[in-house]
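Below is run-v3.txt, holding compact mmCIF, C-alpha atoms and all ligand atoms.
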```txt
# COMPACT_ATOMS: atom_id res chain seq x y z
CA MET P 1 51.76 -5.99 -31.03
CA SER P 2 51.60 -8.92 -33.42
CA VAL P 3 53.88 -11.93 -33.60
CA ILE P 4 56.37 -12.50 -36.41
CA LEU P 5 56.79 -16.02 -37.78
CA ILE P 6 60.17 -17.10 -39.14
CA HIS P 7 59.99 -20.06 -41.47
CA SER P 8 61.50 -21.46 -44.67
CA ASP P 9 59.68 -23.67 -47.15
CA ARG P 10 63.00 -25.53 -47.48
CA PHE P 11 62.77 -27.26 -44.08
CA ALA P 12 61.33 -30.40 -45.75
CA GLU P 13 64.65 -30.84 -47.58
CA HIS P 14 66.28 -32.30 -44.45
CA GLN P 15 65.44 -35.97 -45.08
CA THR P 16 65.42 -38.76 -42.50
CA PRO P 17 65.14 -42.53 -43.13
CA PRO P 18 61.65 -44.01 -43.74
CA GLY P 19 59.72 -44.45 -40.51
CA HIS P 20 61.76 -41.84 -38.62
CA PRO P 21 59.48 -39.72 -36.39
CA GLU P 22 61.30 -36.45 -37.20
CA ARG P 23 60.10 -36.63 -40.79
CA PRO P 24 59.81 -34.06 -43.59
CA GLU P 25 56.00 -34.09 -43.28
CA ARG P 26 56.49 -32.03 -40.10
CA ALA P 27 57.75 -29.24 -42.35
CA ASP P 28 54.62 -29.56 -44.51
CA VAL P 29 52.55 -29.01 -41.36
CA MET P 30 54.59 -25.88 -40.56
CA ASP P 31 54.16 -24.63 -44.16
CA ALA P 32 50.37 -24.99 -43.93
CA VAL P 33 50.15 -23.30 -40.52
CA VAL P 34 52.39 -20.42 -41.56
CA ASN P 35 50.51 -19.86 -44.82
CA ARG P 36 47.20 -19.72 -42.99
CA TRP P 37 48.47 -17.09 -40.54
CA ARG P 38 50.05 -15.12 -43.36
CA LYS P 39 46.62 -14.89 -44.98
CA HIS P 40 45.33 -13.48 -41.69
CA GLY P 41 47.89 -10.68 -41.90
CA VAL P 42 50.61 -12.05 -39.60
CA ASP P 43 54.17 -11.13 -40.66
CA VAL P 44 56.21 -14.03 -42.02
CA VAL P 45 59.88 -13.88 -43.00
CA ALA P 46 62.36 -16.41 -44.39
CA PRO P 47 65.57 -16.87 -42.38
CA ARG P 48 69.17 -16.38 -43.44
CA GLU P 49 71.70 -19.12 -42.70
CA ALA P 50 73.48 -18.84 -39.36
CA THR P 51 77.17 -18.04 -39.79
CA ARG P 52 79.99 -20.24 -38.49
CA GLU P 53 80.86 -17.50 -36.00
CA GLN P 54 77.31 -17.53 -34.63
CA LEU P 55 77.35 -21.33 -34.30
CA ALA P 56 80.83 -21.32 -32.76
CA ARG P 57 79.53 -19.43 -29.72
CA VAL P 58 78.09 -22.76 -28.52
CA HIS P 59 79.55 -25.42 -30.87
CA ASP P 60 83.08 -26.69 -31.28
CA PRO P 61 84.57 -25.39 -34.58
CA ASP P 62 85.74 -28.89 -35.43
CA TYR P 63 82.18 -30.20 -34.96
CA ILE P 64 80.79 -27.48 -37.27
CA ARG P 65 83.38 -28.51 -39.86
CA ARG P 66 82.43 -32.19 -39.53
CA ILE P 67 78.73 -31.40 -40.11
CA SER P 68 79.65 -29.18 -43.07
CA GLU P 69 81.43 -32.15 -44.58
CA THR P 70 78.13 -34.06 -44.76
CA ILE P 71 77.05 -31.78 -47.65
CA GLY P 72 75.83 -33.99 -50.45
CA ARG P 73 75.83 -37.11 -48.29
CA ALA P 74 73.43 -39.21 -46.28
CA LYS P 75 75.18 -40.09 -43.05
CA ALA P 76 74.22 -41.58 -39.66
CA LEU P 77 75.61 -39.28 -36.94
CA ASP P 78 74.18 -41.25 -34.01
CA PRO P 79 71.59 -44.05 -33.78
CA ASP P 80 68.72 -41.51 -34.12
CA THR P 81 70.30 -38.68 -36.08
CA TYR P 82 70.91 -38.59 -39.81
CA THR P 83 71.91 -36.21 -42.55
CA SER P 84 70.72 -36.08 -46.15
CA PRO P 85 72.57 -34.12 -48.86
CA GLU P 86 70.93 -30.80 -47.91
CA SER P 87 70.90 -31.23 -44.12
CA TYR P 88 73.84 -28.97 -43.31
CA GLU P 89 72.33 -26.08 -45.22
CA ILE P 90 68.86 -26.66 -43.74
CA ALA P 91 70.30 -26.88 -40.21
CA LEU P 92 72.03 -23.52 -40.82
CA LEU P 93 68.64 -22.08 -41.80
CA ALA P 94 67.04 -23.49 -38.63
CA ALA P 95 69.68 -21.88 -36.41
CA GLY P 96 69.47 -18.71 -38.50
CA ALA P 97 65.71 -18.56 -37.95
CA ALA P 98 66.21 -18.67 -34.17
CA ILE P 99 68.75 -15.84 -34.50
CA ASP P 100 66.35 -13.83 -36.64
CA GLY P 101 63.68 -14.15 -33.96
CA VAL P 102 66.08 -12.73 -31.39
CA GLU P 103 67.02 -9.82 -33.67
CA ARG P 104 63.40 -8.90 -34.40
CA VAL P 105 62.42 -8.89 -30.75
CA MET P 106 65.61 -7.28 -29.38
CA GLY P 107 65.41 -4.72 -32.19
CA GLY P 108 61.87 -3.83 -31.17
CA SER P 109 60.05 -4.40 -34.47
CA HIS P 110 58.00 -7.16 -32.83
CA THR P 111 57.29 -8.09 -29.22
CA THR P 112 57.11 -11.84 -29.89
CA ALA P 113 58.61 -14.12 -32.54
CA PHE P 114 58.16 -17.79 -33.35
CA ALA P 115 60.70 -19.72 -35.45
CA LEU P 116 59.09 -22.83 -36.97
CA VAL P 117 62.07 -24.97 -37.89
CA ARG P 118 63.52 -28.41 -38.37
CA PRO P 119 65.74 -30.16 -37.56
CA PRO P 120 65.16 -29.50 -33.84
CA GLY P 121 68.09 -28.52 -31.64
CA HIS P 122 68.02 -28.99 -27.87
CA HIS P 123 69.79 -32.39 -27.75
CA ALA P 124 72.74 -31.21 -29.85
CA GLU P 125 75.87 -30.96 -27.71
CA ARG P 126 78.87 -28.68 -28.22
CA ASP P 127 80.66 -31.37 -30.21
CA ARG P 128 78.03 -34.02 -30.98
CA ALA P 129 74.79 -34.49 -32.94
CA MET P 130 72.16 -36.33 -30.95
CA GLY P 131 68.44 -37.07 -30.71
CA PHE P 132 67.46 -35.79 -34.21
CA CYS P 133 69.39 -32.52 -33.59
CA LEU P 134 72.37 -31.14 -35.54
CA PHE P 135 72.87 -27.59 -34.24
CA ASN P 136 71.36 -26.34 -30.99
CA ASN P 137 69.06 -23.65 -32.36
CA ILE P 138 67.84 -22.28 -29.02
CA ALA P 139 71.38 -22.17 -27.60
CA VAL P 140 72.65 -20.37 -30.69
CA ALA P 141 69.80 -17.87 -30.18
CA ALA P 142 70.61 -17.36 -26.49
CA ALA P 143 74.30 -16.80 -27.24
CA HIS P 144 73.35 -14.37 -30.00
CA ALA P 145 71.10 -12.40 -27.65
CA ARG P 146 73.97 -12.16 -25.16
CA ALA P 147 76.33 -11.02 -27.92
CA GLN P 148 73.77 -8.37 -28.92
CA GLY P 149 73.79 -6.96 -25.40
CA ALA P 150 71.12 -8.87 -23.48
CA GLY P 151 72.43 -9.09 -19.92
CA LYS P 152 70.31 -12.05 -18.85
CA VAL P 153 68.50 -14.60 -20.99
CA ALA P 154 66.05 -17.24 -19.76
CA ILE P 155 65.33 -20.42 -21.74
CA VAL P 156 62.17 -22.35 -20.87
CA ASP P 157 62.04 -25.82 -22.46
CA TYR P 158 58.72 -27.71 -22.28
CA ASP P 159 59.60 -30.37 -24.85
CA VAL P 160 58.83 -33.77 -23.30
CA HIS P 161 62.54 -34.65 -23.43
CA HIS P 162 65.26 -33.01 -21.35
CA GLY P 163 67.39 -30.56 -23.36
CA ASN P 164 70.75 -32.01 -22.42
CA GLY P 165 72.66 -29.98 -25.00
CA THR P 166 71.23 -26.65 -23.90
CA GLN P 167 71.85 -27.44 -20.24
CA HIS P 168 75.47 -28.41 -20.84
CA MET P 169 76.22 -25.35 -22.98
CA PHE P 170 75.13 -22.93 -20.25
CA GLU P 171 75.48 -24.83 -16.97
CA THR P 172 78.42 -22.70 -15.79
CA ASP P 173 76.91 -19.41 -17.01
CA PRO P 174 74.88 -17.32 -14.52
CA HIS P 175 73.64 -15.05 -17.34
CA VAL P 176 71.63 -17.78 -19.03
CA LEU P 177 68.94 -19.46 -16.94
CA TYR P 178 67.80 -22.84 -18.28
CA ILE P 179 64.49 -24.28 -17.04
CA SER P 180 63.36 -27.67 -18.38
CA ILE P 181 60.08 -29.46 -17.70
CA HIS P 182 60.32 -33.01 -18.99
CA GLN P 183 59.19 -36.61 -18.62
CA SER P 184 61.44 -38.58 -16.28
CA PRO P 185 62.82 -41.19 -16.38
CA TYR P 186 63.07 -40.92 -20.15
CA TYR P 187 65.43 -40.14 -23.04
CA PRO P 188 68.13 -38.79 -22.87
CA GLY P 189 68.46 -39.67 -19.16
CA THR P 190 69.74 -36.30 -17.94
CA GLY P 191 67.74 -33.60 -16.17
CA ALA P 192 67.47 -34.82 -12.57
CA ALA P 193 66.16 -32.40 -9.95
CA ASP P 194 69.62 -32.08 -8.39
CA GLU P 195 71.29 -30.94 -11.64
CA THR P 196 71.21 -27.21 -10.85
CA GLY P 197 74.30 -25.86 -12.64
CA ARG P 198 78.02 -25.81 -11.92
CA ASP P 199 80.62 -23.31 -10.73
CA ARG P 200 79.40 -19.75 -11.29
CA GLY P 201 76.26 -21.15 -12.91
CA GLN P 202 75.07 -22.85 -9.72
CA GLY P 203 71.32 -22.34 -9.36
CA PHE P 204 70.86 -21.23 -12.97
CA THR P 205 69.91 -24.68 -14.27
CA ILE P 206 66.47 -25.79 -13.13
CA ASN P 207 65.15 -29.25 -13.91
CA LEU P 208 61.52 -30.16 -13.33
CA PRO P 209 61.25 -33.91 -13.95
CA LEU P 210 57.64 -35.13 -14.16
CA GLU P 211 56.48 -38.71 -13.97
CA VAL P 212 54.96 -40.16 -17.16
CA GLY P 213 51.24 -39.43 -17.49
CA ALA P 214 51.35 -35.79 -16.34
CA VAL P 215 48.28 -33.67 -17.14
CA ALA P 216 47.67 -29.92 -17.45
CA GLU P 217 47.23 -29.57 -13.67
CA ASP P 218 50.77 -30.92 -13.16
CA TYR P 219 52.29 -28.42 -15.55
CA GLN P 220 50.18 -25.63 -14.04
CA ARG P 221 51.53 -26.57 -10.59
CA VAL P 222 55.20 -26.44 -11.61
CA PHE P 223 54.64 -23.17 -13.45
CA ALA P 224 52.96 -21.59 -10.42
CA ASP P 225 55.40 -22.91 -7.81
CA VAL P 226 58.73 -22.82 -9.66
CA VAL P 227 58.85 -21.55 -13.25
CA VAL P 228 57.08 -18.21 -12.76
CA PRO P 229 58.61 -17.26 -9.38
CA VAL P 230 62.13 -18.13 -10.53
CA LEU P 231 61.74 -16.17 -13.77
CA LYS P 232 60.48 -13.13 -11.84
CA GLN P 233 63.45 -13.28 -9.48
CA PHE P 234 65.91 -13.76 -12.36
CA GLU P 235 64.46 -10.76 -14.26
CA PRO P 236 65.55 -11.77 -17.76
CA ASP P 237 66.03 -9.28 -20.61
CA LEU P 238 64.59 -11.87 -23.00
CA ILE P 239 62.69 -15.14 -22.63
CA LEU P 240 63.37 -17.93 -25.13
CA VAL P 241 61.15 -21.00 -25.41
CA SER P 242 62.17 -24.46 -26.61
CA ALA P 243 58.69 -25.21 -27.90
CA GLY P 244 58.37 -28.97 -28.25
CA PHE P 245 54.91 -30.46 -28.59
CA ASP P 246 55.70 -34.08 -27.78
CA ALA P 247 54.06 -33.79 -24.34
CA HIS P 248 50.72 -33.71 -26.21
CA GLU P 249 48.42 -36.64 -25.40
CA ARG P 250 48.43 -37.78 -29.05
CA ASP P 251 52.23 -37.83 -29.39
CA PRO P 252 53.68 -41.27 -30.26
CA LEU P 253 56.97 -40.64 -28.39
CA GLY P 254 55.91 -38.79 -25.25
CA GLY P 255 53.83 -40.29 -22.45
CA MET P 256 52.24 -37.12 -21.17
CA ARG P 257 48.58 -36.10 -21.46
CA LEU P 258 48.59 -32.41 -22.40
CA THR P 259 45.95 -31.05 -24.74
CA THR P 260 46.49 -28.23 -27.19
CA ASP P 261 45.10 -25.62 -24.76
CA ALA P 262 47.89 -26.34 -22.27
CA PHE P 263 50.49 -25.11 -24.77
CA ALA P 264 48.55 -21.86 -25.14
CA ALA P 265 48.38 -21.55 -21.33
CA MET P 266 52.15 -22.05 -20.94
CA THR P 267 52.73 -19.42 -23.62
CA MET P 268 50.46 -16.95 -21.79
CA GLU P 269 52.22 -17.65 -18.47
CA LEU P 270 55.55 -16.79 -20.10
CA ARG P 271 54.13 -13.72 -21.83
CA ALA P 272 52.91 -12.41 -18.47
CA VAL P 273 56.41 -12.75 -16.97
CA ALA P 274 57.95 -11.20 -20.09
CA GLU P 275 55.57 -8.22 -19.80
CA GLU P 276 56.68 -7.74 -16.21
CA CYS P 277 60.43 -8.23 -16.74
CA CYS P 278 61.40 -7.38 -20.30
CA ARG P 279 58.75 -5.40 -22.18
CA GLY P 280 57.12 -8.61 -23.37
CA ARG P 281 60.12 -9.94 -25.28
CA LEU P 282 59.49 -13.63 -26.03
CA VAL P 283 61.00 -15.80 -28.78
CA ALA P 284 59.88 -19.40 -29.31
CA VAL P 285 61.67 -21.99 -31.44
CA THR P 286 60.15 -25.38 -32.27
CA GLU P 287 61.70 -28.61 -30.98
CA GLY P 288 59.80 -31.96 -31.11
CA GLY P 289 56.17 -32.91 -31.74
CA TYR P 290 55.57 -36.05 -33.78
CA ASP P 291 51.82 -36.47 -34.19
CA LEU P 292 51.08 -34.29 -37.19
CA GLN P 293 47.53 -33.40 -36.17
CA ALA P 294 48.53 -32.48 -32.61
CA PHE P 295 51.57 -30.62 -33.95
CA ALA P 296 49.44 -28.48 -36.29
CA ALA P 297 46.86 -27.68 -33.61
CA SER P 298 49.52 -26.87 -31.01
CA LEU P 299 51.43 -24.58 -33.39
CA ASP P 300 48.17 -22.73 -34.07
CA ALA P 301 47.44 -22.43 -30.35
CA VAL P 302 50.87 -21.00 -29.57
CA ILE P 303 50.77 -18.55 -32.49
CA GLU P 304 47.34 -17.39 -31.38
CA ALA P 305 48.65 -16.92 -27.83
CA MET P 306 51.70 -14.98 -29.08
CA ASN P 307 49.67 -12.74 -31.38
CA GLY P 308 47.93 -9.65 -30.00
CA PRO P 309 47.90 -8.55 -26.37
CA ALA P 310 48.99 -10.77 -23.49
CA ALA P 311 46.03 -12.12 -21.50
CA ALA P 312 45.43 -14.22 -18.40
CA PRO P 313 46.47 -17.87 -18.95
CA ARG P 314 43.53 -20.22 -19.35
CA TRP P 315 44.66 -23.65 -18.21
CA PRO P 316 42.46 -26.52 -19.39
CA SER P 317 41.06 -28.90 -16.80
CA SER P 318 41.71 -32.62 -17.13
CA GLY P 319 39.63 -33.37 -14.05
CA MET P 320 42.70 -34.96 -12.42
CA GLU P 321 44.55 -33.68 -9.39
CA SER P 322 48.16 -32.53 -9.62
CA ARG P 323 49.85 -35.51 -7.98
CA ARG P 324 52.87 -35.58 -10.31
CA GLY P 325 53.27 -31.80 -10.26
CA ARG P 326 53.28 -31.71 -6.46
CA ALA P 327 55.81 -34.55 -6.31
CA CYS P 328 58.05 -32.69 -8.76
CA VAL P 329 57.92 -29.43 -6.79
CA ALA P 330 58.69 -31.28 -3.56
CA ALA P 331 61.67 -32.97 -5.21
CA VAL P 332 63.21 -29.78 -6.61
CA ARG P 333 62.63 -27.43 -3.66
CA PRO P 334 65.58 -28.60 -1.54
CA ALA P 335 68.01 -28.32 -4.47
CA LEU P 336 66.84 -24.79 -5.32
CA ALA P 337 66.40 -23.39 -1.80
CA ALA P 338 69.93 -21.97 -1.68
CA HIS P 339 69.34 -19.93 -4.84
CA TRP P 340 65.67 -18.97 -5.08
CA THR P 341 62.79 -18.02 -2.80
CA LEU P 342 60.08 -20.58 -3.51
ZN ZN E 401 61.29 -34.03 -27.62
```

Could I get this file's structure written as structure tokens?
Ligand SMILES: [Zn+2]
Amino acid sequence: MSVILIHSDRFAEHQTPPGHPERPERADVMDAVVNRWRKHGVDVVAPREATREQLARVHDPDYIRRISETIGRAKALDPDTYTSPESYEIALLAAGAAIDGVERVMGGSHTTAFALVRPPGHHAERDRAMGFCLFNNIAVAAAHARAQGAGKVAIVDYDVHHGNGTQHMFETDPHVLYISIHQSPYYPGTGAADETGRDRGQGFTINLPLEVGAVAEDYQRVFADVVVPVLKQFEPDLILVSAGFDAHERDPLGGMRLTTDAFAAMTMELRAVAEECCRGRLVAVTEGGYDLQAFAASLDAVIEAMNGPAAAPRWPSSGMESRRGRACVAAVRPALAAHWTL
């Protein structure tokens, strides 16, 4: 029944320039959280490195080679994204941790798994590092689940930023449903309501752009009206979560107003769908979250929600009405009507 945590104490070895928000101290927060849960009897394992073959399911082989050539070097890959001498190896461990979570849950040893990793992944494109991300951990995990026999995989991404890389990797694939809830307009600029997938993947990309300032009631609205009904109709064999915590009210990058309890509520919503569709199988992988205190508290809340039996979601109340959530649902309904009953 209990969750398994996948984490390496090496994640601090991926260094970023001074003042960069995606800093090694985030790994120290993960270390402390994981150690506390380990003392409470929760299983913790260290990941293996992802193989080139596993990465090449979603990344261009030439791109993997280029990142491998940064071994031993500090290099700027884009205006926000840097390597240090160990970054390639640490990024392989991050992707490997996401893969390990899939294997534990698909193998049946655990119902839920949480990979606490850095660098994050959801902005990484097939052939390009971007937005602090080198390899797209959640996409590598989804492709691995498919390769291991999962017929349908759903990815739910509640990081405050749109996961452009994940969307692009699967936008023509009807077997991988991508649902993103994100602040809009905002970095990276993709994720409009009318981006719903291409070719055979039409309808299997779902973007839920929320205006800056959204509160728990807004997220609760889009979960109730779109996320949960679509997931139930899709009937995934596995649910993956891009668990970013930069929609927390304390976050210096995001402009949303979620409290820690909202992350627990979203986790419980997804566990309920997973119980109904796929024997509870849920794997979360960290993305952003740049206020260390909020990050620690949110990780704890999600681990607590993933550990033990699934229970009814308890959404916190901000005392505000769901104006942004209602506007979002109204904006996405027309684009999704051809594919889903909402
Ligand atoms: Zn983010």

Problem set entry | Test item: residues lying within 9 Å of ligand ZN 401 (chain E) with only C-alpha atoms and all ligand atoms, as number ranges by chain | P: 120, 122-123, 131, 158-163, 182, 187, 244-247, 253-254, 287-290

Kindly export the residues of the current selection with C-alpha atoms, as an mmCIF file, in the frame of the given file.
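Saved the output as out09.cif:
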```
data_model
loop_
_atom_site.group_PDB
_atom_site.id
_atom_site.type_symbol
_atom_site.label_atom_id
_atom_site.label_comp_id
_atom_site.auth_asym_id
_atom_site.auth_seq_id
_atom_site.Cartn_x
_atom_site.Cartn_y
_atom_site.Cartn_z
ATOM 1 C CA PRO P 120 65.160 -29.500 -33.840
ATOM 2 C CA HIS P 122 68.020 -28.990 -27.870
ATOM 3 C CA HIS P 123 69.790 -32.390 -27.750
ATOM 4 C CA GLY P 131 68.440 -37.070 -30.710
ATOM 5 C CA TYR P 158 58.720 -27.710 -22.280
ATOM 6 C CA ASP P 159 59.600 -30.370 -24.850
ATOM 7 C CA VAL P 160 58.830 -33.770 -23.300
ATOM 8 C CA HIS P 161 62.540 -34.650 -23.430
ATOM 9 C CA HIS P 162 65.260 -33.010 -21.350
ATOM 10 C CA GLY P 163 67.390 -30.560 -23.360
ATOM 11 C CA HIS P 182 60.320 -33.010 -18.990
ATOM 12 C CA TYR P 187 65.430 -40.140 -23.040
ATOM 13 C CA GLY P 244 58.370 -28.970 -28.250
ATOM 14 C CA PHE P 245 54.910 -30.460 -28.590
ATOM 15 C CA ASP P 246 55.700 -34.080 -27.780
ATOM 16 C CA ALA P 247 54.060 -33.790 -24.340
ATOM 17 C CA LEU P 253 56.970 -40.640 -28.390
ATOM 18 C CA GLY P 254 55.910 -38.790 -25.250
ATOM 19 C CA GLU P 287 61.700 -28.610 -30.980
ATOM 20 C CA GLY P 288 59.800 -31.960 -31.110
ATOM 21 C CA GLY P 289 56.170 -32.910 -31.740
ATOM 22 C CA TYR P 290 55.570 -36.050 -33.780
#
```

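A straight line drawn from atom CA of P:His7 to atom CA of P:Ala142 is 18.6 Å long.
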
Give me the residues within 9 Å of stretch 315-329 of chain P as a PDB file with C-alpha atoms, keeping the file's coordinate frame, counting all atoms listed in the file and dropping any in the same chain fewer than 5 places off.
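Saved result, out_24.pdb, follows:
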```pdb
ATOM      1  CA  ALA P 193      66.160 -32.400  -9.950  1.00  0.00           C
ATOM      2  CA  LEU P 208      61.520 -30.160 -13.330  1.00  0.00           C
ATOM      3  CA  PRO P 209      61.250 -33.910 -13.950  1.00  0.00           C
ATOM      4  CA  LEU P 210      57.640 -35.130 -14.160  1.00  0.00           C
ATOM      5  CA  GLU P 211      56.480 -38.710 -13.970  1.00  0.00           C
ATOM      6  CA  VAL P 212      54.960 -40.160 -17.160  1.00  0.00           C
ATOM      7  CA  GLY P 213      51.240 -39.430 -17.490  1.00  0.00           C
ATOM      8  CA  ALA P 214      51.350 -35.790 -16.340  1.00  0.00           C
ATOM      9  CA  VAL P 215      48.280 -33.670 -17.140  1.00  0.00           C
ATOM     10  CA  ALA P 216      47.670 -29.920 -17.450  1.00  0.00           C
ATOM     11  CA  GLU P 217      47.230 -29.570 -13.670  1.00  0.00           C
ATOM     12  CA  ASP P 218      50.770 -30.920 -13.160  1.00  0.00           C
ATOM     13  CA  TYR P 219      52.290 -28.420 -15.550  1.00  0.00           C
ATOM     14  CA  GLN P 220      50.180 -25.630 -14.040  1.00  0.00           C
ATOM     15  CA  ARG P 221      51.530 -26.570 -10.590  1.00  0.00           C
ATOM     16  CA  VAL P 222      55.200 -26.440 -11.610  1.00  0.00           C
ATOM     17  CA  ASP P 225      55.400 -22.910  -7.810  1.00  0.00           C
ATOM     18  CA  VAL P 226      58.730 -22.820  -9.660  1.00  0.00           C
ATOM     19  CA  ARG P 257      48.580 -36.100 -21.460  1.00  0.00           C
ATOM     20  CA  LEU P 258      48.590 -32.410 -22.400  1.00  0.00           C
ATOM     21  CA  THR P 259      45.950 -31.050 -24.740  1.00  0.00           C
ATOM     22  CA  THR P 260      46.490 -28.230 -27.190  1.00  0.00           C
ATOM     23  CA  ASP P 261      45.100 -25.620 -24.760  1.00  0.00           C
ATOM     24  CA  ALA P 262      47.890 -26.340 -22.270  1.00  0.00           C
ATOM     25  CA  PHE P 263      50.490 -25.110 -24.770  1.00  0.00           C
ATOM     26  CA  ALA P 264      48.550 -21.860 -25.140  1.00  0.00           C
ATOM     27  CA  ALA P 265      48.380 -21.550 -21.330  1.00  0.00           C
ATOM     28  CA  MET P 266      52.150 -22.050 -20.940  1.00  0.00           C
TER      29      MET P 266
END
```

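Taking only C-alpha atoms, the non-local environment of P:Ala76 within 10 Å (same-chain residues fewer than 6 positions away omitted) comprises Thr16, Pro17, Thr70, Tyr82, Thr83, Ser84 and Ala129 of chain P.
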
Counting only C-alpha atoms, what are the residues of stretch 103-221 of chain P within 8 Å of stretch 59-69 of chain P, and for each of them which pair of atoms is the nearest and at what distance in Å, to one decimal? Sort the table by chain and rising number, as JSON lines.
```
{"residue": "P:Glu125", "atom": "CA", "partner": "P:His59", "partner_atom": "CA", "distance": 7.4}
{"residue": "P:Arg126", "atom": "CA", "partner": "P:His59", "partner_atom": "CA", "distance": 4.3}
{"residue": "P:Asp127", "atom": "CA", "partner": "P:Tyr63", "partner_atom": "CA", "distance": 5.1}
{"residue": "P:Arg128", "atom": "CA", "partner": "P:Tyr63", "partner_atom": "CA", "distance": 6.9}
{"residue": "P:Leu134", "atom": "CA", "partner": "P:Ile67", "partner_atom": "CA", "distance": 7.8}
{"residue": "P:Phe135", "atom": "CA", "partner": "P:His59", "partner_atom": "CA", "distance": 7.8}
```

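Separating atom CA of P:Ile4 from atom CA of P:Ala294 is a distance of 21.8 Å.
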
Problem set entry | Two-atom distance - atom CA of P:Ile71, atom CA of P:Ser87 (Å) | 7.1 Å

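Shell of P:Val156 at 7 Å, with all atoms listed in the file counted and residues fewer than 3 places along the chain excluded, is Tyr178, Ile179, Ser180, Leu240, Val241 and Ser242 of chain P.
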
Selection export as a CSV table (one decimal), in the frame of the given file, atoms kept: C-alpha atoms:
```csv
chain,number,residue,atom,x,y,z
P,178,TYR,CA,67.8,-22.8,-18.3
P,179,ILE,CA,64.5,-24.3,-17.0
P,180,SER,CA,63.4,-27.7,-18.4
P,240,LEU,CA,63.4,-17.9,-25.1
P,241,VAL,CA,61.2,-21.0,-25.4
P,242,SER,CA,62.2,-24.5,-26.6
```

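You can rank P:Ala154, P:Val140, P:Leu292, P:Ala338 by their closest distance to P:Arg57 using only C-alpha atoms, and at the top of that list sits P:Val140.
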
Seminar exercise, completed: One residue among P:Ile181, P:Met169, P:Pro236, P:Val105 is nearest to P:Leu282 when using all atoms listed in the file, and that residue is P:Val105

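Residue nearest P:Arg23 within the list P:Asp9, P:Ser184, P:Asp291, P:Val102: P:Asp291 [criterion: smallest interatomic distance, all atoms listed in the file].
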
For this session: Tell me, as a ChimeraX atom specification, which residues lie within 12 Å of P:Ala337, counting all atoms listed in the file; anything in the same chain fewer than 4 positions away does not count.
Result: /P:194,196,202-203,206,226,230,329-333,341-342

Problem set entry | Contacts of P:Val42 within 12 Å, all atoms listed in the file, excl. fewer than 2 positions in-chain, as a PyMOL selection string | chain P and resi 1-6+33-40+44-45+110+112-114+303-304+306-308

Seminar exercise, completed: One residue among P:Phe132, P:Phe170, P:Phe295, P:Tyr88 is nearest to P:Glu25 when using all atoms listed in the file, and that residue is P:Phe295

For this session: Anything within 10 Å of (64.3, -21.3, -37.5): list those residues as a ChimeraX atom specification, counting all atoms listed in the file and sticking to the file's coordinates.
Result: /P:5-8,11,46-50,90-101,114-120,137-138,141,284-286

Export of stretch 136-144 of chain P: N, CA, C and O atoms, as a PDB file, in the first residue's frame:
```
ATOM      1  N   ASN P 136      13.984  14.969 -20.739  1.00  0.00           N
ATOM      2  CA  ASN P 136      12.583  15.066 -20.323  1.00  0.00           C
ATOM      3  C   ASN P 136      12.196  13.818 -19.528  1.00  0.00           C
ATOM      4  O   ASN P 136      11.742  12.816 -20.082  1.00  0.00           O
ATOM      5  N   ASN P 137      12.389  13.925 -18.209  1.00  0.00           N
ATOM      6  CA  ASN P 137      12.236  12.754 -17.333  1.00  0.00           C
ATOM      7  C   ASN P 137      10.861  12.108 -17.450  1.00  0.00           C
ATOM      8  O   ASN P 137      10.744  10.888 -17.535  1.00  0.00           O
ATOM      9  N   ILE P 138       9.807  12.920 -17.439  1.00  0.00           N
ATOM     10  CA  ILE P 138       8.450  12.347 -17.439  1.00  0.00           C
ATOM     11  C   ILE P 138       8.157  11.699 -18.798  1.00  0.00           C
ATOM     12  O   ILE P 138       7.483  10.661 -18.870  1.00  0.00           O
ATOM     13  N   ALA P 139       8.678  12.291 -19.865  1.00  0.00           N
ATOM     14  CA  ALA P 139       8.461  11.716 -21.198  1.00  0.00           C
ATOM     15  C   ALA P 139       9.225  10.404 -21.353  1.00  0.00           C
ATOM     16  O   ALA P 139       8.716   9.435 -21.932  1.00  0.00           O
ATOM     17  N   VAL P 140      10.443  10.371 -20.823  1.00  0.00           N
ATOM     18  CA  VAL P 140      11.216   9.123 -20.831  1.00  0.00           C
ATOM     19  C   VAL P 140      10.447   8.041 -20.076  1.00  0.00           C
ATOM     20  O   VAL P 140      10.367   6.884 -20.517  1.00  0.00           O
ATOM     21  N   ALA P 141       9.829   8.433 -18.952  1.00  0.00           N
ATOM     22  CA  ALA P 141       9.052   7.476 -18.148  1.00  0.00           C
ATOM     23  C   ALA P 141       7.827   6.980 -18.916  1.00  0.00           C
ATOM     24  O   ALA P 141       7.517   5.785 -18.900  1.00  0.00           O
ATOM     25  N   ALA P 142       7.125   7.886 -19.581  1.00  0.00           N
ATOM     26  CA  ALA P 142       5.928   7.498 -20.337  1.00  0.00           C
ATOM     27  C   ALA P 142       6.302   6.546 -21.471  1.00  0.00           C
ATOM     28  O   ALA P 142       5.636   5.525 -21.698  1.00  0.00           O
ATOM     29  N   ALA P 143       7.380   6.859 -22.178  1.00  0.00           N
ATOM     30  CA  ALA P 143       7.812   5.999 -23.284  1.00  0.00           C
ATOM     31  C   ALA P 143       8.254   4.641 -22.754  1.00  0.00           C
ATOM     32  O   ALA P 143       8.020   3.605 -23.395  1.00  0.00           O
ATOM     33  N   HIS P 144       8.856   4.637 -21.574  1.00  0.00           N
ATOM     34  CA  HIS P 144       9.279   3.364 -20.978  1.00  0.00           C
ATOM     35  C   HIS P 144       8.058   2.520 -20.596  1.00  0.00           C
ATOM     36  O   HIS P 144       8.037   1.302 -20.834  1.00  0.00           O
TER      37      HIS P 144
END
```
